[in-house]
file structure_0.cif (mmCIF, C-alpha atoms)
data_coords
#
loop_
_atom_site.label_atom_id
_atom_site.label_comp_id
_atom_site.auth_asym_id
_atom_site.auth_seq_id
_atom_site.Cartn_x
_atom_site.Cartn_y
_atom_site.Cartn_z
CA MET A 97 209.04 17.96 5.78
CA ILE A 98 205.95 19.94 4.81
CA ALA A 99 205.51 23.30 6.50
CA ILE A 100 201.86 24.20 7.08
CA VAL A 101 201.68 27.97 7.30
CA ASP A 102 200.08 28.98 10.60
CA TYR A 103 198.91 32.57 10.22
CA GLY A 104 195.90 32.37 12.53
CA ALA A 105 193.34 31.38 9.93
CA GLY A 106 191.11 28.37 9.70
CA ASN A 107 191.14 24.79 10.83
CA ILE A 108 194.80 24.04 10.20
CA PHE A 109 194.67 21.00 12.47
CA SER A 110 192.64 19.13 9.84
CA VAL A 111 195.47 19.40 7.32
CA LYS A 112 197.96 18.25 9.96
CA ASN A 113 195.68 15.33 10.96
CA ALA A 114 195.42 14.18 7.35
CA LEU A 115 199.20 14.33 6.80
CA ASP A 116 199.80 12.49 10.11
CA PHE A 117 197.34 9.80 9.01
CA LEU A 118 199.28 9.41 5.74
CA GLY A 119 202.58 9.19 7.63
CA ILE A 120 203.87 12.37 5.99
CA GLU A 121 206.03 14.55 8.20
CA SER A 122 204.68 18.07 8.67
CA LYS A 123 204.80 21.01 11.00
CA LEU A 124 202.52 23.93 11.74
CA THR A 125 204.68 27.03 11.70
CA SER A 126 204.78 30.78 11.30
CA ASP A 127 208.57 30.82 11.46
CA ILE A 128 210.19 32.17 8.28
CA SER A 129 213.34 30.05 8.64
CA GLU A 130 211.23 26.89 8.96
CA LEU A 131 209.39 27.74 5.73
CA GLU A 132 212.75 28.22 4.06
CA ALA A 133 214.03 24.89 5.39
CA ALA A 134 210.91 22.87 4.44
CA ASP A 135 210.70 20.64 1.31
CA ARG A 136 207.27 21.98 0.49
CA ILE A 137 204.66 24.36 1.87
CA ILE A 138 200.90 24.18 2.41
CA LEU A 139 198.98 27.44 2.75
CA PRO A 140 195.62 26.63 4.36
CA GLY A 141 192.87 29.10 5.12
CA VAL A 142 189.26 29.63 5.98
CA GLY A 143 187.72 33.05 6.39
CA ALA A 144 187.92 36.37 4.59
CA PHE A 145 190.51 37.32 1.95
CA PRO A 146 191.46 40.84 3.17
CA ALA A 147 191.97 39.72 6.78
CA ALA A 148 194.11 36.75 5.73
CA MET A 149 196.23 38.89 3.38
CA GLU A 150 196.72 41.47 6.11
CA MET A 151 197.98 38.80 8.53
CA LEU A 152 200.35 37.35 5.92
CA LYS A 153 201.78 40.77 5.13
CA LYS A 154 202.10 41.95 8.72
CA SER A 155 204.02 38.83 9.72
CA GLY A 156 206.34 38.96 6.71
CA LEU A 157 205.03 35.54 5.64
CA ALA A 158 203.63 36.89 2.35
CA GLU A 159 207.11 37.71 1.04
CA THR A 160 208.53 34.39 2.27
CA VAL A 161 205.76 32.33 0.67
CA LYS A 162 206.19 34.22 -2.62
CA ALA A 163 209.94 33.65 -2.65
CA GLN A 164 209.73 29.98 -1.64
CA ALA A 165 207.10 29.27 -4.32
CA LYS A 166 209.83 29.79 -6.91
CA VAL A 167 211.97 26.97 -5.51
CA LYS A 168 209.66 24.35 -3.90
CA PRO A 169 206.11 23.00 -4.24
CA LEU A 170 203.39 25.15 -2.68
CA LEU A 171 199.77 24.06 -2.19
CA GLY A 172 197.11 26.61 -1.31
CA ILE A 173 193.87 25.18 0.09
CA CYS A 174 190.45 26.92 -0.12
CA LEU A 175 191.13 30.55 0.89
CA GLY A 176 194.82 29.61 0.64
CA MET A 177 194.22 28.89 -3.06
CA GLN A 178 192.40 32.18 -3.57
CA LEU A 179 195.32 34.05 -2.00
CA LEU A 180 197.59 32.75 -4.80
CA PHE A 181 195.86 35.02 -7.34
CA ASP A 182 196.51 38.67 -8.21
CA LYS A 183 193.51 40.06 -6.40
CA SER A 184 190.10 39.50 -4.85
CA TYR A 185 186.90 41.50 -4.67
CA GLU A 186 185.74 40.07 -1.31
CA PHE A 187 184.33 43.14 0.52
CA GLU A 188 186.78 45.41 -1.32
CA GLU A 189 189.47 45.09 -3.97
CA CYS A 190 192.46 43.53 -2.29
CA GLN A 191 195.84 42.44 -3.68
CA GLY A 192 196.78 38.77 -3.35
CA LEU A 193 200.14 37.00 -3.59
CA GLY A 194 200.16 37.28 -7.39
CA LEU A 195 201.58 33.79 -7.99
CA ILE A 196 198.86 32.86 -10.52
CA LYS A 197 197.28 35.26 -12.98
CA GLY A 198 193.62 35.87 -12.24
CA TYR A 199 191.19 37.15 -9.65
CA VAL A 200 188.62 36.03 -7.10
CA ASP A 201 185.02 37.18 -7.03
CA ARG A 202 181.63 36.20 -5.62
CA ILE A 203 179.63 33.34 -7.16
CA THR A 204 176.69 35.16 -8.68
CA ASP A 205 174.92 32.67 -10.95
CA PRO A 206 171.17 33.16 -10.34
CA GLY A 207 169.18 30.64 -8.33
CA LEU A 208 172.13 28.97 -6.65
CA VAL A 209 172.28 28.00 -3.02
CA ILE A 210 175.27 29.87 -1.53
CA PRO A 211 177.72 28.84 -0.06
CA HIS A 212 178.63 26.16 -2.60
CA MET A 213 178.74 23.53 0.13
CA GLY A 214 179.20 19.82 -0.32
CA TRP A 215 180.68 17.22 -2.63
CA ASN A 216 181.11 18.07 -6.29
CA LYS A 217 182.67 16.09 -9.11
CA LEU A 218 186.02 17.12 -10.61
CA VAL A 219 186.29 17.60 -14.36
CA TYR A 220 189.93 17.29 -15.40
CA ASN A 221 191.05 20.06 -17.75
CA HIS A 222 194.82 19.49 -17.90
CA GLU A 223 197.02 16.67 -16.68
CA SER A 224 198.66 17.22 -13.33
CA PRO A 225 200.82 15.00 -11.10
CA LEU A 226 198.27 15.79 -8.36
CA PHE A 227 195.72 13.60 -10.18
CA LYS A 228 197.85 10.45 -10.23
CA GLY A 229 195.70 7.41 -9.45
CA LEU A 230 192.44 9.37 -9.42
CA ASP A 231 189.47 8.70 -11.70
CA GLU A 232 185.92 9.91 -11.02
CA SER A 233 186.37 11.98 -7.91
CA TYR A 234 183.97 13.89 -5.71
CA VAL A 235 185.63 16.38 -3.37
CA TYR A 236 184.35 18.63 -0.58
CA PHE A 237 183.82 22.34 -1.24
CA VAL A 238 182.62 25.14 1.00
CA HIS A 239 182.99 28.66 -0.36
CA SER A 240 181.05 31.66 -1.69
CA TYR A 241 183.80 33.18 -3.86
CA LYS A 242 185.59 31.58 -6.79
CA ALA A 243 188.70 32.14 -8.89
CA PHE A 244 188.67 33.32 -12.50
CA CYS A 245 191.84 32.36 -14.39
CA GLU A 246 193.36 31.44 -17.75
CA ASP A 247 192.65 27.98 -19.18
CA GLU A 248 196.32 27.02 -18.91
CA ASN A 249 196.24 27.55 -15.13
CA LEU A 250 193.00 25.61 -14.66
CA TYR A 251 193.85 21.94 -14.08
CA ALA A 252 190.35 20.87 -12.98
CA TYR A 253 186.96 22.44 -12.41
CA CYS A 254 183.48 21.47 -11.29
CA GLU A 255 180.06 22.62 -12.41
CA TYR A 256 178.00 24.79 -10.08
CA GLY A 257 175.84 27.12 -12.12
CA SER A 258 178.91 27.68 -14.28
CA ARG A 259 182.50 26.48 -14.01
CA VAL A 260 184.13 26.68 -10.59
CA SER A 261 187.94 26.59 -10.57
CA ALA A 262 188.78 23.54 -8.46
CA VAL A 263 192.48 22.83 -9.03
CA VAL A 264 194.82 25.54 -10.32
CA GLY A 265 198.54 25.94 -10.82
CA ASP A 266 201.28 28.02 -12.40
CA GLY A 267 202.74 25.13 -14.46
CA LYS A 268 205.71 24.95 -12.10
CA PHE A 269 205.74 24.77 -8.31
CA VAL A 270 202.46 26.45 -7.38
CA TYR A 271 199.21 24.48 -6.87
CA GLY A 272 195.88 25.35 -5.35
CA THR A 273 192.66 23.52 -4.56
CA GLN A 274 189.39 25.33 -3.90
CA PHE A 275 188.07 22.22 -2.16
CA HIS A 276 189.44 20.77 1.08
CA PRO A 277 191.56 17.69 0.28
CA GLU A 278 191.84 17.05 4.01
CA LYS A 279 188.04 16.68 4.17
CA SER A 280 187.53 14.91 0.84
CA GLY A 281 187.86 11.29 1.91
CA GLU A 282 190.07 8.95 -0.12
CA ALA A 283 190.28 11.26 -3.15
CA GLY A 284 191.56 14.14 -1.03
CA LEU A 285 194.07 11.99 0.80
CA ALA A 286 195.36 10.71 -2.57
CA MET A 287 195.93 14.31 -3.72
CA LEU A 288 197.79 15.19 -0.53
CA ARG A 289 199.94 12.08 -1.00
CA ASN A 290 200.61 13.13 -4.61
CA PHE A 291 201.57 16.62 -3.47
CA ALA A 292 203.99 15.13 -0.93
CA SER A 293 205.68 13.11 -3.70
CA LEU A 294 206.12 15.99 -6.16
CA ALA A 295 209.71 16.41 -7.28
CA MET B 191 177.15 18.92 -10.28
CA LEU B 192 176.80 19.25 -6.54
CA ALA B 193 175.83 15.95 -4.90
CA LYS B 194 173.01 15.61 -2.38
CA ARG B 195 174.48 14.79 1.00
CA ILE B 196 173.54 11.90 3.30
CA ILE B 197 174.45 12.71 6.90
CA PRO B 198 174.35 10.26 9.79
CA CYS B 199 173.90 11.90 13.18
CA LEU B 200 175.27 10.50 16.42
CA ASP B 201 173.54 11.61 19.61
CA VAL B 202 176.23 11.53 22.28
CA ARG B 203 175.90 11.60 26.05
CA ASP B 204 178.93 11.29 28.35
CA GLY B 205 181.03 9.91 25.51
CA LYS B 206 178.51 7.24 24.43
CA VAL B 207 176.16 7.19 21.47
CA VAL B 208 172.55 7.12 22.67
CA LYS B 209 169.18 7.14 20.96
CA GLY B 210 165.73 8.14 22.13
CA VAL B 211 162.36 8.42 20.42
CA ASN B 212 160.64 11.81 20.36
CA PHE B 213 163.43 13.14 22.57
CA GLU B 214 162.44 10.62 25.31
CA GLY B 215 163.37 7.10 26.45
CA ILE B 216 167.12 7.22 25.87
CA LYS B 217 169.28 4.08 25.47
CA GLU B 218 172.99 3.59 24.75
CA VAL B 219 174.09 2.15 21.42
CA GLY B 220 177.89 2.48 21.11
CA ASP B 221 181.22 4.26 20.89
CA PRO B 222 181.00 7.49 18.87
CA VAL B 223 184.50 7.37 17.36
CA GLU B 224 183.95 3.81 16.12
CA CYS B 225 180.47 4.66 14.84
CA ALA B 226 181.83 7.70 12.96
CA TYR B 227 184.58 5.59 11.43
CA GLU B 228 182.05 2.98 10.31
CA TYR B 229 179.82 5.68 8.72
CA ASN B 230 182.86 7.06 6.94
CA LEU B 231 183.50 3.63 5.40
CA GLN B 232 179.85 3.46 4.33
CA GLY B 233 180.25 6.71 2.39
CA ALA B 234 178.80 9.30 4.77
CA ASP B 235 179.20 12.79 3.29
CA GLU B 236 179.46 14.41 6.69
CA ILE B 237 179.04 13.30 10.28
CA VAL B 238 177.14 15.15 12.99
CA PHE B 239 177.76 14.68 16.69
CA TYR B 240 174.91 15.98 18.78
CA ASP B 241 175.95 16.46 22.39
CA ILE B 242 173.00 15.85 24.70
CA THR B 243 175.15 16.06 27.82
CA ALA B 244 174.03 18.59 30.39
CA SER B 245 177.23 18.65 32.46
CA HIS B 246 180.44 20.60 32.06
CA GLU B 247 182.53 17.39 32.32
CA GLY B 248 180.48 15.93 29.50
CA ARG B 249 181.54 18.73 27.17
CA GLY B 250 185.19 17.90 27.68
CA VAL B 251 184.45 14.26 26.87
CA MET B 252 182.64 15.39 23.71
CA LEU B 253 185.66 17.41 22.57
CA ASP B 254 187.86 14.32 23.05
CA VAL B 255 185.45 12.39 20.83
CA VAL B 256 185.81 15.05 18.13
CA ARG B 257 189.61 15.15 18.53
CA ASN B 258 189.92 11.38 18.16
CA THR B 259 187.50 11.20 15.25
CA ALA B 260 189.29 13.97 13.35
CA LYS B 261 192.48 11.90 13.38
CA LYS B 262 190.98 9.10 11.32
CA VAL B 263 187.85 10.36 9.59
CA PHE B 264 188.46 12.76 6.70
CA VAL B 265 185.02 14.11 5.95
CA PRO B 266 183.43 17.21 7.50
CA LEU B 267 182.45 16.92 11.16
CA THR B 268 179.73 19.00 12.79
CA VAL B 269 179.15 19.31 16.52
CA GLY B 270 175.88 20.51 18.03
CA GLY B 271 174.33 20.71 21.46
CA GLY B 272 175.05 23.09 24.29
CA ILE B 273 177.04 25.61 22.27
CA ALA B 274 176.29 28.92 23.92
CA THR B 275 179.21 31.28 23.42
CA VAL B 276 181.88 32.30 20.92
CA ASP B 277 184.39 30.54 23.18
CA ASP B 278 182.37 27.30 22.91
CA ILE B 279 182.49 27.65 19.12
CA ARG B 280 186.23 28.31 19.11
CA GLU B 281 186.93 25.37 21.43
CA THR B 282 184.84 23.02 19.30
CA LEU B 283 186.45 24.07 16.01
CA ARG B 284 189.91 23.79 17.54
CA ALA B 285 189.12 20.22 18.61
CA GLY B 286 188.69 19.40 14.92
CA ALA B 287 185.06 20.19 14.10
CA ASP B 288 184.46 21.89 10.74
CA LYS B 289 181.10 23.31 11.74
CA VAL B 290 179.09 23.88 14.85
CA SER B 291 175.34 23.60 15.05
CA VAL B 292 173.77 26.17 17.36
CA ASN B 293 170.15 25.69 18.39
CA SER B 294 168.43 26.81 21.61
CA GLN B 295 171.16 29.30 22.50
CA ALA B 296 170.80 30.98 19.11
CA VAL B 297 167.07 31.42 19.69
CA LYS B 298 167.77 32.97 23.09
CA ASN B 299 170.68 35.04 21.77
CA PRO B 300 170.56 35.48 17.96
CA GLN B 301 173.75 37.58 18.09
CA LEU B 302 175.60 34.30 18.67
CA ILE B 303 175.01 33.52 14.99
CA LYS B 304 176.36 36.88 13.87
CA GLU B 305 179.38 36.85 16.16
CA GLY B 306 180.21 33.27 15.19
CA ALA B 307 179.90 34.01 11.47
CA ASP B 308 181.92 37.24 11.73
CA ILE B 309 184.79 35.59 13.57
CA PHE B 310 184.92 32.08 12.09
CA GLY B 311 183.03 32.49 8.79
CA SER B 312 179.48 31.59 7.81
CA GLN B 313 180.61 28.22 6.48
CA CYS B 314 181.08 26.87 9.99
CA ILE B 315 177.84 28.16 11.53
CA CYS B 316 174.93 25.79 11.05
CA VAL B 317 171.71 26.71 12.84
CA GLY B 318 169.76 23.74 14.11
CA VAL B 319 166.04 24.46 14.25
CA ASP B 320 163.40 22.35 16.02
CA ALA B 321 159.89 23.23 14.86
CA LYS B 322 156.34 21.93 15.15
CA ALA B 323 153.13 22.70 13.29
CA VAL B 324 150.53 24.96 14.90
CA SER B 325 148.22 24.81 11.88
CA PRO B 326 148.67 23.64 8.27
CA ASN B 327 151.63 25.50 6.77
CA LYS B 328 152.43 27.32 9.97
CA TRP B 329 155.11 26.23 12.39
CA THR B 330 156.73 27.58 15.53
CA VAL B 331 160.26 27.20 16.86
CA TYR B 332 160.98 25.12 19.97
CA ILE B 333 164.01 25.04 22.23
CA ASN B 334 165.53 22.74 24.88
CA GLY B 335 165.24 19.58 22.85
CA GLY B 336 161.73 20.29 21.67
CA ARG B 337 160.28 20.97 25.10
CA ILE B 338 159.60 24.71 25.03
CA ASP B 339 157.53 26.48 22.36
CA MET B 340 159.05 29.93 21.80
CA GLY B 341 156.05 31.05 19.74
CA ILE B 342 158.41 32.32 17.04
CA ASP B 343 157.29 31.76 13.45
CA LEU B 344 159.60 29.25 11.76
CA ILE B 345 159.86 31.09 8.45
CA ASP B 346 160.63 34.42 10.13
CA TRP B 347 163.29 32.69 12.22
CA VAL B 348 165.14 30.94 9.36
CA LYS B 349 165.18 34.18 7.34
CA LYS B 350 166.65 35.94 10.34
CA CYS B 351 169.28 33.22 10.73
CA GLU B 352 170.34 33.72 7.12
CA GLN B 353 170.55 37.50 7.57
CA LEU B 354 172.67 37.07 10.68
CA GLY B 355 175.18 35.03 8.71
CA ALA B 356 174.21 31.37 9.18
CA GLY B 357 175.84 29.19 6.53
CA GLU B 358 173.32 26.39 6.72
CA ILE B 359 170.04 25.36 8.39
CA CYS B 360 169.48 21.92 9.86
CA LEU B 361 165.69 21.64 10.09
CA ASN B 362 164.25 19.11 12.53
CA SER B 363 160.51 18.49 12.59
CA ILE B 364 159.31 17.56 16.07
CA ASP B 365 156.12 16.19 14.50
CA THR B 366 157.90 13.61 12.37
CA ASP B 367 161.04 12.99 14.52
CA GLY B 368 161.14 9.40 15.73
CA VAL B 369 157.85 8.54 14.00
CA ARG B 370 159.70 7.04 11.01
CA GLY B 371 157.05 8.02 8.48
CA GLY B 372 159.31 10.16 6.29
CA PHE B 373 160.62 13.72 6.48
CA ASP B 374 158.21 16.62 7.04
CA LEU B 375 158.00 17.67 3.40
CA PRO B 376 155.64 20.67 3.72
CA MET B 377 157.81 22.19 6.45
CA LEU B 378 160.99 21.41 4.55
CA LYS B 379 159.71 22.93 1.32
CA ALA B 380 158.57 26.10 3.10
CA VAL B 381 162.02 26.61 4.63
CA VAL B 382 163.96 25.78 1.44
CA ASP B 383 161.83 28.33 -0.42
CA ALA B 384 162.40 31.00 2.25
CA VAL B 385 166.23 30.99 2.30
CA SER B 386 169.08 30.67 -0.20
CA ILE B 387 171.52 28.86 2.11
CA PRO B 388 171.67 25.03 2.21
CA VAL B 389 168.95 23.25 4.20
CA ILE B 390 169.40 19.81 5.80
CA ALA B 391 166.26 17.71 6.29
CA SER B 392 166.09 16.04 9.70
CA GLY B 393 163.57 14.00 11.65
CA GLY B 394 161.39 11.21 10.38
CA ALA B 395 163.41 9.00 8.06
CA GLY B 396 162.03 5.49 8.55
CA LYS B 397 162.71 3.63 5.34
CA LEU B 398 164.96 3.55 2.31
CA GLY B 399 162.80 5.66 0.00
CA ASP B 400 162.34 8.54 2.45
CA PHE B 401 165.66 10.16 1.54
CA ALA B 402 165.06 10.13 -2.23
CA GLU B 403 161.55 11.45 -1.64
CA ALA B 404 162.92 14.49 0.23
CA PHE B 405 165.35 15.21 -2.64
CA LEU B 406 162.74 14.66 -5.36
CA LYS B 407 160.00 16.72 -3.72
CA THR B 408 162.05 19.58 -2.27
CA ASP B 409 165.32 21.34 -3.08
CA CYS B 410 166.92 20.46 0.25
CA SER B 411 170.71 20.00 0.07
CA ALA B 412 171.12 17.11 2.48
CA ALA B 413 169.20 14.62 4.59
CA LEU B 414 170.12 13.55 8.10
CA ALA B 415 169.12 10.50 10.14
CA ALA B 416 170.23 8.89 13.36
CA SER B 417 168.40 5.75 14.51
CA LEU B 418 168.02 4.14 11.07
CA PHE B 419 171.78 4.07 10.70
CA HIS B 420 172.55 3.30 14.38
CA PHE B 421 170.39 0.23 14.46
CA LYS B 422 171.89 -0.89 11.13
CA GLU B 423 168.51 -1.08 9.47
CA LEU B 424 170.07 0.76 6.57
CA THR B 425 173.58 1.70 5.56
CA VAL B 426 174.52 5.04 4.04
CA GLY B 427 175.54 3.07 0.96
CA GLN B 428 172.07 1.55 0.54
CA VAL B 429 170.45 4.98 0.82
CA LYS B 430 172.82 6.34 -1.84
CA ASP B 431 172.16 3.39 -4.18
CA ASP B 432 168.43 4.04 -3.86
CA CYS B 433 168.92 7.77 -4.61
CA ARG B 434 171.18 6.98 -7.57
CA SER B 435 168.64 4.56 -9.03
CA LYS B 436 166.09 7.40 -8.95
CA GLY B 437 168.38 9.80 -10.83
CA ILE B 438 169.56 11.79 -7.82
CA ASN B 439 173.22 12.87 -7.88
CA VAL B 440 175.06 11.45 -4.87
CA ARG B 441 178.76 10.89 -4.24
#
call {"tool": "encode", "arguments": {"input": "structure_0.cif", "output": "structure tokens"}}
result
Amino acid sequence: MIAIVDYGAGNIFSVKNALDFLGIESKLTSDISELEAADRIILPGVGAFPAAMEMLKKSGLAETVKAQAKVKPLLGICLGMQLLFDKSYEFEECQGLGLIKGYVDRITDPGLVIPHMGWNKLVYNHESPLFKGLDESYVYFVHSYKAFCEDENLYAYCEYGSRVSAVVGDGKFVYGTQFHPEKSGEAGLAMLRNFASLA
Amino acid sequence: MLAKRIIPCLDVRDGKVVKGVNFEGIKEVGDPVECAYEYNLQGADEIVFYDITASHEGRGVMLDVVRNTAKKVFVPLTVGGGIATVDDIRETLRAGADKVSVNSQAVKNPQLIKEGADIFGSQCICVGVDAKAVSPNKWTVYINGGRIDMGIDLIDWVKKCEQLGAGEICLNSIDTDGVRGGFDLPMLKAVVDAVSIPVIASGGAGKLGDFAEAFLKTDCSAALAASLFHFKELTVGQVKDDCRSKGINVR
């Protein structure tokens, strides 16, 4: 069973719809014991970094997610991916979950339309079980901030002005996608299926 | 590289897809959930439902359409038409929409854009704008499906939308809508140059080459059409093949 963390942010029903469509059992929950009992965890999120972090901390979910990420697969999506990093500079400097080394900051390349909204092509940087069965893949992004991290944590990126971190991970249980796999057609569904089959 | 988006729009009334010309002479053409699913198979980058229902009951039917579509179509869904309050936005997003398109109500109450963006994020607030030329290179904004001229300058309005937190502009030219002679390129270019958020071209696509022309002659991010796709004169796939053959990056 996949636990989808419900902390009051974003369109979490889309993730649930996609998993239902794939026949993968999942549950929206903010219950700590359910996160502990789940096989894997998805951390969704749309909105602002400081507000999301505040909600995660206040509810005690931040500590639970951090602890569980040491023992089972965790996938952060969009803002959920950004929250995996050490910190963000959205509005003000704000600490993240610190599961992947790096930070999040505004996309500032000159002349770009912001938000980065639409379908962009993945460039694979390191092999990952998430990419099984995928070749040339366009996936759906919508964001104005991006993650800056070490090459070893960057599994795939796309080009928008400069490199945009698209798929990140800690080399163990933690994964994150800046794009929305649940809104990225067949390619996104394939990645969710791959996540659900991770050992 | 970011791909240019091709967006089919479904005008929905009382749970049925309908199509009129120049906002008049409406006829029914099908089931919205099935149409959305078909567009998804054709490679649509996003799907827009435009609710032209006037009644309260109709809104509930529209939300059911969104709910059912979101269970089997995994590309972004936008819902426009009749969205007047923050509660309307919340209800629509909770039904499974990724974005809402606010139009007349935003002109009457611009704070709706700001409140929506503050609460739900700019990424889900698209402002739909209907405009018409008053003289060459000057346009004014209309509301109520293109029936009432608000006398507001188009360029001033789209800049204001961006400042208030809109994440995207969907620009519909009343002059070219339904005429099928191509998008309104001068209007489109003026708006794209005025803002730094994505702009969707709408109104006027009549043949295959019209989409590529909009992308080659302006920096718009996406192009939207309704009747061309409804009446199966073109598929989304054919439009993308044409764009690709002209060097435009599409998914």
call {"tool": "closest_residue", "arguments": {"input": "structure_0.cif", "among": "A:Val101, A:Ala295, A:Leu208, A:Ile128", "to": "chain B", "atoms": "only C-alpha atoms"}}
result
A:Leu208
call {"tool": "resolve_selection", "arguments": {"input": "structure_0.cif", "expression": "the PyMOL selection byres ((chain A) within 8 of (chain B))", "output": "count of residues only"}}
result
31
call {"tool": "resolve_selection", "arguments": {"input": "structure_0.cif", "expression": "the PyMOL selection byres ((chain B and resi 384) around 10)", "output": "list in words"}}
result
Ile345, Asp346, Val348, Lys349, Glu352, Leu378, Lys379, Ala380, Val381, Val382, Asp383, Val385, Ser386 and Ile387 of chain B
call {"tool": "closest_residue", "arguments": {"input": "structure_0.cif", "among": "A:Lys123, A:Lys166, A:Arg289, A:Lys153", "to": "Lys228 in chain A", "atoms": "all atoms listed in the file"}}
result
A:Arg289
call {"tool": "atom_distance", "arguments": {"input": "structure_0.cif", "atom1": "CA of Leu344 in chain B", "atom2": "CA of Val369 in chain B"}}
result
20.9 Å
call {"tool": "atom_distance", "arguments": {"input": "structure_0.cif", "atom1": "CA of Ile273 in chain B", "atom2": "CA of Lys350 in chain B"}}
result
18.9 Å
